[in-house]
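Participant: This is run03.tsv (TSV, C-alpha atoms).
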chain	number	residue	atom	x	y	z
A	23	MET	CA	9.17	2.10	-22.49
A	24	VAL	CA	8.32	2.08	-18.79
A	25	GLN	CA	5.49	-0.20	-17.69
A	26	LEU	CA	3.21	1.55	-15.22
A	27	THR	CA	0.68	-0.56	-13.32
A	28	VAL	CA	-1.94	1.08	-11.13
A	29	ILE	CA	-3.73	-1.32	-8.80
A	30	THR	CA	-6.93	0.02	-7.28
A	31	ILE	CA	-9.65	-1.37	-5.05
A	32	GLY	CA	-13.26	-0.72	-6.02
A	33	ALA	CA	-14.94	0.33	-9.24
A	34	LEU	CA	-14.42	3.68	-10.92
A	35	SER	CA	-17.54	5.85	-11.24
A	36	SER	CA	-18.47	7.06	-14.70
A	37	HIS	CA	-17.80	10.73	-13.86
A	38	PHE	CA	-14.13	9.91	-13.10
A	39	LYS	CA	-13.58	7.71	-16.16
A	40	GLU	CA	-13.12	10.63	-18.57
A	41	SER	CA	-10.40	12.21	-16.41
A	42	VAL	CA	-8.62	8.88	-15.95
A	43	SER	CA	-8.75	8.27	-19.71
A	44	GLU	CA	-7.35	11.73	-20.43
A	45	TYR	CA	-4.33	11.23	-18.16
A	46	GLU	CA	-3.74	7.71	-19.45
A	47	LYS	CA	-3.69	9.16	-22.97
A	48	ARG	CA	-1.20	11.84	-21.90
A	49	LEU	CA	0.96	9.28	-20.11
A	50	SER	CA	1.09	7.04	-23.19
A	51	GLN	CA	3.93	9.13	-24.65
A	52	PHE	CA	6.09	8.15	-21.68
A	53	CYS	CA	4.89	4.71	-20.56
A	54	THR	CA	2.35	1.97	-20.98
A	55	VAL	CA	-0.39	2.12	-18.37
A	56	ASN	CA	-2.02	-1.03	-17.08
A	57	ASN	CA	-4.97	-0.63	-14.73
A	58	VAL	CA	-5.78	-3.49	-12.41
A	59	ASN	CA	-9.05	-3.09	-10.55
A	60	ILE	CA	-9.76	-5.41	-7.64
A	61	LYS	CA	-13.19	-5.84	-6.11
A	62	GLU	CA	-13.54	-4.37	-2.63
A	63	SER	CA	-14.18	-6.94	0.09
A	64	LYS	CA	-17.60	-6.69	1.69
A	65	ILE	CA	-17.87	-5.57	5.29
A	66	ALA	CA	-21.20	-6.11	7.04
A	67	ASP	CA	-20.44	-3.87	10.02
A	68	GLU	CA	-18.24	-0.85	9.21
A	69	ASP	CA	-17.65	-0.33	12.94
A	70	ASP	CA	-16.23	-3.84	13.49
A	71	ARG	CA	-12.44	-3.54	13.40
A	72	THR	CA	-12.04	-7.34	13.02
A	73	GLN	CA	-14.20	-7.36	9.89
A	74	ILE	CA	-12.25	-4.44	8.47
A	75	GLU	CA	-8.93	-6.16	9.21
A	76	ASN	CA	-10.14	-9.39	7.58
A	77	ALA	CA	-11.34	-7.49	4.50
A	78	LEU	CA	-8.02	-5.63	4.21
A	79	SER	CA	-6.16	-8.93	4.50
A	80	GLU	CA	-8.28	-10.49	1.73
A	81	GLU	CA	-7.71	-7.45	-0.48
A	82	ALA	CA	-3.99	-7.57	0.28
A	83	ASP	CA	-3.70	-11.14	-0.97
A	84	ARG	CA	-5.44	-10.19	-4.22
A	85	ILE	CA	-3.28	-7.05	-4.59
A	86	ILE	CA	-0.02	-8.91	-4.01
A	87	SER	CA	-0.96	-11.51	-6.63
A	88	LYS	CA	-1.33	-8.72	-9.23
A	89	ILE	CA	1.95	-6.91	-8.64
A	90	PRO	CA	4.22	-7.35	-11.67
A	91	VAL	CA	7.40	-9.29	-10.94
A	92	GLY	CA	10.37	-6.98	-10.56
A	93	ALA	CA	8.30	-3.81	-10.32
A	94	TYR	CA	9.24	-0.88	-8.11
A	95	LYS	CA	6.25	-0.79	-5.76
A	96	ILE	CA	4.67	2.37	-4.35
A	97	ALA	CA	1.87	2.23	-1.78
A	98	LEU	CA	-0.38	5.25	-1.38
A	99	CYS	CA	-0.98	5.61	2.33
A	100	VAL	CA	-1.55	8.33	4.87
A	101	GLU	CA	1.73	7.72	6.68
A	102	GLY	CA	3.78	7.94	3.50
A	103	GLU	CA	6.18	10.68	2.53
A	104	MET	CA	4.79	13.80	0.87
A	105	PRO	CA	7.32	14.73	-1.79
A	106	ASP	CA	6.97	17.77	-4.00
A	107	SER	CA	6.66	17.29	-7.77
A	108	ILE	CA	10.41	17.47	-8.35
A	109	LYS	CA	11.16	14.84	-5.70
A	110	LEU	CA	8.41	12.54	-6.99
A	111	SER	CA	9.82	12.85	-10.51
A	112	GLU	CA	13.23	11.80	-9.14
A	113	ILE	CA	11.67	8.75	-7.49
A	114	ILE	CA	9.86	7.86	-10.72
A	115	ARG	CA	13.01	8.38	-12.81
A	116	LYS	CA	15.12	6.17	-10.53
A	117	ALA	CA	12.45	3.46	-10.48
A	118	SER	CA	12.15	3.66	-14.28
A	119	ASP	CA	15.89	3.41	-14.75
A	120	THR	CA	16.31	0.58	-12.24
A	121	SER	CA	13.44	-1.74	-13.09
A	122	GLY	CA	11.47	-0.34	-16.01
A	123	LYS	CA	8.30	-1.33	-14.14
A	124	ILE	CA	6.48	0.75	-11.56
A	125	CYS	CA	3.43	-0.44	-9.63
A	126	LEU	CA	1.34	2.03	-7.65
A	127	ILE	CA	-1.27	0.73	-5.24
A	128	ILE	CA	-4.37	2.57	-4.01
A	129	GLY	CA	-6.30	0.72	-1.32
A	130	SER	CA	-9.95	0.76	-0.39
A	131	SER	CA	-11.66	3.35	1.78
A	132	HIS	CA	-10.11	1.53	4.75
A	133	GLY	CA	-6.61	1.80	3.31
A	134	LEU	CA	-4.04	-0.93	2.74
A	135	HIS	CA	-3.09	-3.88	4.89
A	136	ASP	CA	0.42	-3.77	6.35
A	137	LYS	CA	1.46	-6.83	4.34
A	138	VAL	CA	1.02	-4.77	1.15
A	139	LYS	CA	2.88	-1.78	2.57
A	140	GLN	CA	5.76	-4.01	3.72
A	141	LYS	CA	6.22	-5.32	0.15
A	142	CYS	CA	6.49	-1.80	-1.23
A	143	ASN	CA	9.70	0.10	-1.90
A	144	TYR	CA	8.13	3.47	-1.12
A	145	ARG	CA	5.14	4.84	0.72
A	146	LEU	CA	3.57	7.91	-0.84
A	147	SER	CA	1.10	10.36	0.63
A	148	VAL	CA	-0.26	12.95	-1.77
A	149	SER	CA	-1.73	15.19	0.93
A	150	ARG	CA	-2.64	15.37	4.58
A	151	LEU	CA	-6.21	15.77	3.34
A	152	THR	CA	-8.41	12.73	2.80
A	153	PHE	CA	-9.76	12.16	-0.72
A	154	PRO	CA	-12.20	9.59	-2.09
A	155	HIS	CA	-10.20	6.73	-3.57
A	156	GLN	CA	-11.70	7.26	-7.01
A	157	LEU	CA	-10.58	10.88	-7.03
A	158	MET	CA	-7.16	9.81	-5.74
A	159	ARG	CA	-6.72	7.78	-8.91
A	160	VAL	CA	-7.15	10.93	-11.00
A	161	ILE	CA	-4.84	12.93	-8.73
A	162	LEU	CA	-2.22	10.17	-8.87
A	163	LEU	CA	-2.32	9.97	-12.67
A	164	GLU	CA	-1.95	13.75	-12.89
A	165	ALA	CA	1.03	13.64	-10.52
A	166	LEU	CA	2.60	10.86	-12.60
A	167	TYR	CA	2.05	12.79	-15.82
A	168	ARG	CA	3.67	15.82	-14.20
A	169	SER	CA	6.59	13.64	-13.04
A	170	PHE	CA	7.19	12.20	-16.49
A	171	SER	CA	6.90	15.72	-17.97
A	172	ILE	CA	9.57	16.96	-15.56
A	173	ILE	CA	11.83	14.04	-16.45
A	174	ALA	CA	11.38	14.84	-20.17
A	175	ASN	CA	11.91	18.61	-19.59
A	176	LYS	CA	8.42	19.40	-20.91
A	177	LYS	CA	6.71	22.69	-20.10
A	178	TYR	CA	3.66	21.13	-18.39
A	179	HIS	CA	5.34	21.39	-14.99
A	180	LYS	CA	5.41	25.19	-14.98
How does the structure come out when it is put into structure tokens?
Facilitator:
Amino acid sequence: MVQLTVITIGALSSHFKESVSEYEKRLSQFCTVNNVNIKESKIADEDDRTQIENALSEEADRIISKIPVGAYKIALCVEGEMPDSIKLSEIIRKASDTSGKICLIIGSSHGLHDKVKQKCNYRLSVSRLTFPHQLMRVILLEALYRSFSIIANKKYHK
């Protein structure tokens, strides 16, 4: 069974927990889901680019230390590709077949440091729109469930 690791920065609010749990339950027929939550680095002045860069670098080190060895790594970032559901399912299938481990990384509200992106095999953008990172976790899990459903020829995709 495929091992799916989702690394996120920042805590998940209670109103998103039910949706995350529902998709994790659905995904359990296709893979094991491991959530790794990393505390967001504190930034005293949100307008200070140096503080933001330092925080992203600190978060990057913690993220990199949690990536499973041998995993196919996908960074969620604005400059990533925007595949449709079929294309994403092909990426997930190939990653599953090749390594058996997939690690998806959602950064903080300031994004991901380049050193995380450079370690990744693929950069994914879900939309040109900006979403709160907690909501992005739900959207990502739904997209993954849809991908695994497509791979398994299930009707959910329709």
Participant: Which residues are close to Leu157 in chain A, i.e. within 10 Å by all atoms listed in the file, leaving aside same-chain residues fewer than 3 positions away? Reply as an mmCIF file with C-alpha atoms, in the frame of the given file.
Facilitator:
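Once everything was written out, this is around.cif:
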data_model
loop_
_atom_site.group_PDB
_atom_site.id
_atom_site.type_symbol
_atom_site.label_atom_id
_atom_site.label_comp_id
_atom_site.auth_asym_id
_atom_site.auth_seq_id
_atom_site.Cartn_x
_atom_site.Cartn_y
_atom_site.Cartn_z
ATOM 1 C CA LEU A 34 -14.420 3.680 -10.920
ATOM 2 C CA SER A 35 -17.540 5.850 -11.240
ATOM 3 C CA HIS A 37 -17.800 10.730 -13.860
ATOM 4 C CA PHE A 38 -14.130 9.910 -13.100
ATOM 5 C CA SER A 41 -10.400 12.210 -16.410
ATOM 6 C CA VAL A 42 -8.620 8.880 -15.950
ATOM 7 C CA PHE A 153 -9.760 12.160 -0.720
ATOM 8 C CA PRO A 154 -12.200 9.590 -2.090
ATOM 9 C CA VAL A 160 -7.150 10.930 -11.000
ATOM 10 C CA ILE A 161 -4.840 12.930 -8.730
ATOM 11 C CA LEU A 162 -2.220 10.170 -8.870
#
Participant: So how far away is CA of Lys141 in chain A from CA of Ile96 in chain A, in Å?
Facilitator: 9.0 Å
Participant: Which of these residues is nearest to Gln25 in chain A, using all atoms listed in the file: A:Lys95, A:Arg159, A:Lys109, A:Lys64?
Facilitator: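 The answer is A:Lys95, which sits nearest to Gln25 in chain A.
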Participant: Nearest residue to Gly122 in chain A out of A:Leu163, A:Leu146, A:Lys88, A:Ala93, using only C-alpha atoms?
Facilitator: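 Checking each candidate against Gly122 in chain A, we get A:Ala93 as the closest.
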Participant: Just checking: using all atoms listed in the file, which residue out of A:Cys99, A:Met23, A:Leu49, A:Ile29 ends up closest to Ile86 in chain A?
Facilitator: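 Smallest distance to Ile86 in chain A is found for A:Ile29.
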Participant: Here's a test: counting only C-alpha atoms, identify every protein, DNA and RNA residue with an atom at most 12 Å from (-12.4, -5.6, -9.9) in the file's coordinate frame, and state them as a list in words.
Facilitator: Ile29, Thr30, Ile31, Gly32, Ala33, Leu34, Asn57, Val58, Asn59, Ile60, Lys61, Glu62, Ser63, Glu81, Arg84, Ile85, Lys88 and Ser130 of chain A
Participant: Have a look at A:Leu126, A:Ile74, A:Leu26, A:Val100 and name the one nearest to Ser149 in chain A; count all atoms listed in the file.
Facilitator: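 For Ser149 in chain A, the nearest of the given residues is A:Val100.
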Participant: Pick from A:Arg115, A:Arg48, A:Lys39, A:Lys137: nearest to Ala174 in chain A, with all atoms listed in the file counted?
Facilitator: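 Closest candidate: A:Arg115.
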Participant: Find the residue from A:Asn175, A:Ser79, A:Leu166, A:Glu112 that sits nearest to Val138 in chain A; use all atoms listed in the file when measuring.
Facilitator: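 Nearest to Val138 in chain A: A:Ser79.
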Participant: For Ile124 in chain A, please output as a PyMOL selection string all residues within 10 Å (counting all atoms listed in the file; exclusion window: fewer than 4 positions along the same chain).
Facilitator: chain A and resi 24-28+53+55+89-90+92-96+114+117-118+120
Participant: Can you write out the residues you just picked, keeping C-alpha atoms, as a JSON list (two decimals), in the coordinates of the input?
Facilitator:
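Output saved as selection27.json:
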[["chain", "number", "residue", "atom", "x", "y", "z"],
["A", 24, "VAL", "CA", 8.32, 2.08, -18.79],
["A", 25, "GLN", "CA", 5.49, -0.20, -17.69],
["A", 26, "LEU", "CA", 3.21, 1.55, -15.22],
["A", 27, "THR", "CA", 0.68, -0.56, -13.32],
["A", 28, "VAL", "CA", -1.94, 1.08, -11.13],
["A", 53, "CYS", "CA", 4.89, 4.71, -20.56],
["A", 55, "VAL", "CA", -0.39, 2.12, -18.37],
["A", 89, "ILE", "CA", 1.95, -6.91, -8.64],
["A", 90, "PRO", "CA", 4.22, -7.35, -11.67],
["A", 92, "GLY", "CA", 10.37, -6.98, -10.56],
["A", 93, "ALA", "CA", 8.30, -3.81, -10.32],
["A", 94, "TYR", "CA", 9.24, -0.88, -8.11],
["A", 95, "LYS", "CA", 6.25, -0.79, -5.76],
["A", 96, "ILE", "CA", 4.67, 2.37, -4.35],
["A", 114, "ILE", "CA", 9.86, 7.86, -10.72],
["A", 117, "ALA", "CA", 12.45, 3.46, -10.48],
["A", 118, "SER", "CA", 12.15, 3.66, -14.28],
["A", 120, "THR", "CA", 16.31, 0.58, -12.24]]
Participant: Just to confirm, what's the straight-line distance from CA of Asp106 in chain A to CA of Ser131 in chain A in Å (one decimal)?
Facilitator: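 Those two atoms sit 24.3 Å apart.
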Participant: Could you write out as JSON the box around range 120-137 of chain A (axis-aligned, all atoms listed in the file, 3 Å on each side), with centre and edge lengths in Å to one decimal?
Facilitator:
{"center_x": 2.3, "center_y": -1.7, "center_z": -4.8, "size_x": 34.0, "size_y": 16.2, "size_z": 28.4}
Participant: I'd like the interatomic distance between CA of Asn143 in chain A and CA of Ala97 in chain A, to a tenth of an Å.
Facilitator: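 These atoms are spaced 8.1 Å apart.
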